[in-house]
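All remarks here apply to the structure that follows.
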Amino acid sequence: MLRSRDLLITATSRNVIHCIGACIFFQGITGVIQDMSYRHIILIFAAMPIALIGFGSAAHGQTDTLALSLGAARQIALTRSAVLAGDRYRLHAAEADTIGAHLYPNPELSVNAASYGVFQKPIDNSQATTSYRIDQTIPIAGQRSNHILTARESTEAARHTYDYQVFQTKAAVKDSYIDAAYAEINIGLARQNYDLFAKLIEASKAQLHSGAIAEEDLTKLELTELTYRQAVSDAEQSLMDAMNSLKQTMGFDTTAPIKVQYDFQSSGDLMPKDSLERVAYEQRADLSASEHNVKAAEHQSDLSRSNAWPAPSFGIELDRNGPDFSNLYGGGIGISIPIFNRNQDDIYRSESNERAAEYDYENARIGVHGDFNAAYEKYRNSLGVFRGLPPDIVKMATDVRDNALRNYTDGRIGLLDLLSSEQVYHDAIASYYGSLYTLAKNESLLERAVGVEIFER
């Protein structure tokens, strides 16, 4: 269930304006209506439903924005993922195999009757015979125990496969969420720069009329404004793509507007590389699933060898013979003689599958090692880049731009110095948020490689 603090509905101000307008309308009409004729009053009330319909349509057309936390986005994805639903039912099917492995074979009941002279007069039952027999097959040589062990390990493999898919779904949502949050930061910076230059151009036009700057300087500012306008458009497109990707990952309605907010600053010390790699070997659900597949294949080989022994069938019988139909009891045992078929094909198949499962497990371990090393190096590199930045880089860059704007307005520096300062600000801010974004993505990549979340926020 989604928690209320995770789903915050942000109401738009336009609906408030509609409500205020409606109140003013109804208050005003009561004052005017007293001075009007009955004909005008009827016309007004006849037109009122149309006005109300228009007001309701305007209010209904304004869609609320859903502020979605990362936890809520993950919960929605886990609830709506068709892939997870398929894996969940495959897990149920594996659990059904475990249930079936614990069941014994059903007994077989047979009833035979012969030589009843029912069409004779009088009826002659002197030669009549009736027999009742029940047979029960008894598994031997570990057939039942190996069947149970095989089904149990297969169920565990399916369970770990499902857990791995759950973790991957949550990781995919986190990646898309980070992309969307970074796109929102970029569009905010782009709009800030565009608004700044738009205001700067308006101020420069006044300076041009007063002769404080040349027309060439104004043209350069206008061209720079076009660059930032294009940057806003590119940022809006990137945000749209990131949001659509996030909604598709969640299985969410792509037309519903959502807003995300991500804390890019992580806390906590990272474990040493060797210790973290051991955690990966222990926690990676796909590796655990592969390990259980090996065990299931081993037990399946044992089961195939056990099935080479024919399971005996024990039976008891009751015979009743005419004419007095006295009860005669007996019993027997049935067993196939393994002369031709000793389950050679199933043994060969199971042993081949066992070897294949062992190689799959070894390949999975190699994959975990490779994934971890690559992710750790990327994370360590991005962490070094981020730590190499000055801690107050945003303030430094902002001060540079603000001082340049102030000096340009006062006429102490020229346009080239202003644009140079703006470029310094832009590069510094882009470097800061870009390094934060890269670090967050590599943190997510490292968590995928380890198999658990290791960074706290």
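All residue names refer to the structure tokens as shown: chains lettered A, B, ... in order, residues numbered from 1 in each chain, ligands numbered from 1 in order.
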
Please list as a ChimeraX atom specification every residue within 12 Å of Leu226 (chain A), counting only C-alpha atoms and excluding residues in the same chain fewer than 3 positions away. /A:190,193-195,197-198,201,219-223,229-233

Looking only at the backbone, which of the residues in region 161-336 of chain A does DSSP tag as strand (DSSP E), as a list in words?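 Across region 161-336 of chain A, those assigned strand (DSSP E) are Ile258, Lys259, Ser313, Phe314, Gly315, Ile316, Glu317, Leu318, Asp319, Arg320, Asn321, Ser326, Asn327, Leu328, Tyr329, Gly330, Gly331, Gly332, Ile333 and Gly334 of chain A.
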
Excluding region 204-214 of chain A and its own-chain neighbours fewer than 6 positions away, which residues fall within 9 Å of it when counting only C-alpha atoms? Please give them as a ChimeraX atom specification. /A:221,409,411,414-415

In terms of only C-alpha atoms, the residue from A:Val260, A:Val111, A:Ala375, A:Val400 at minimal distance from Lys273 (chain A) is A:Ala375
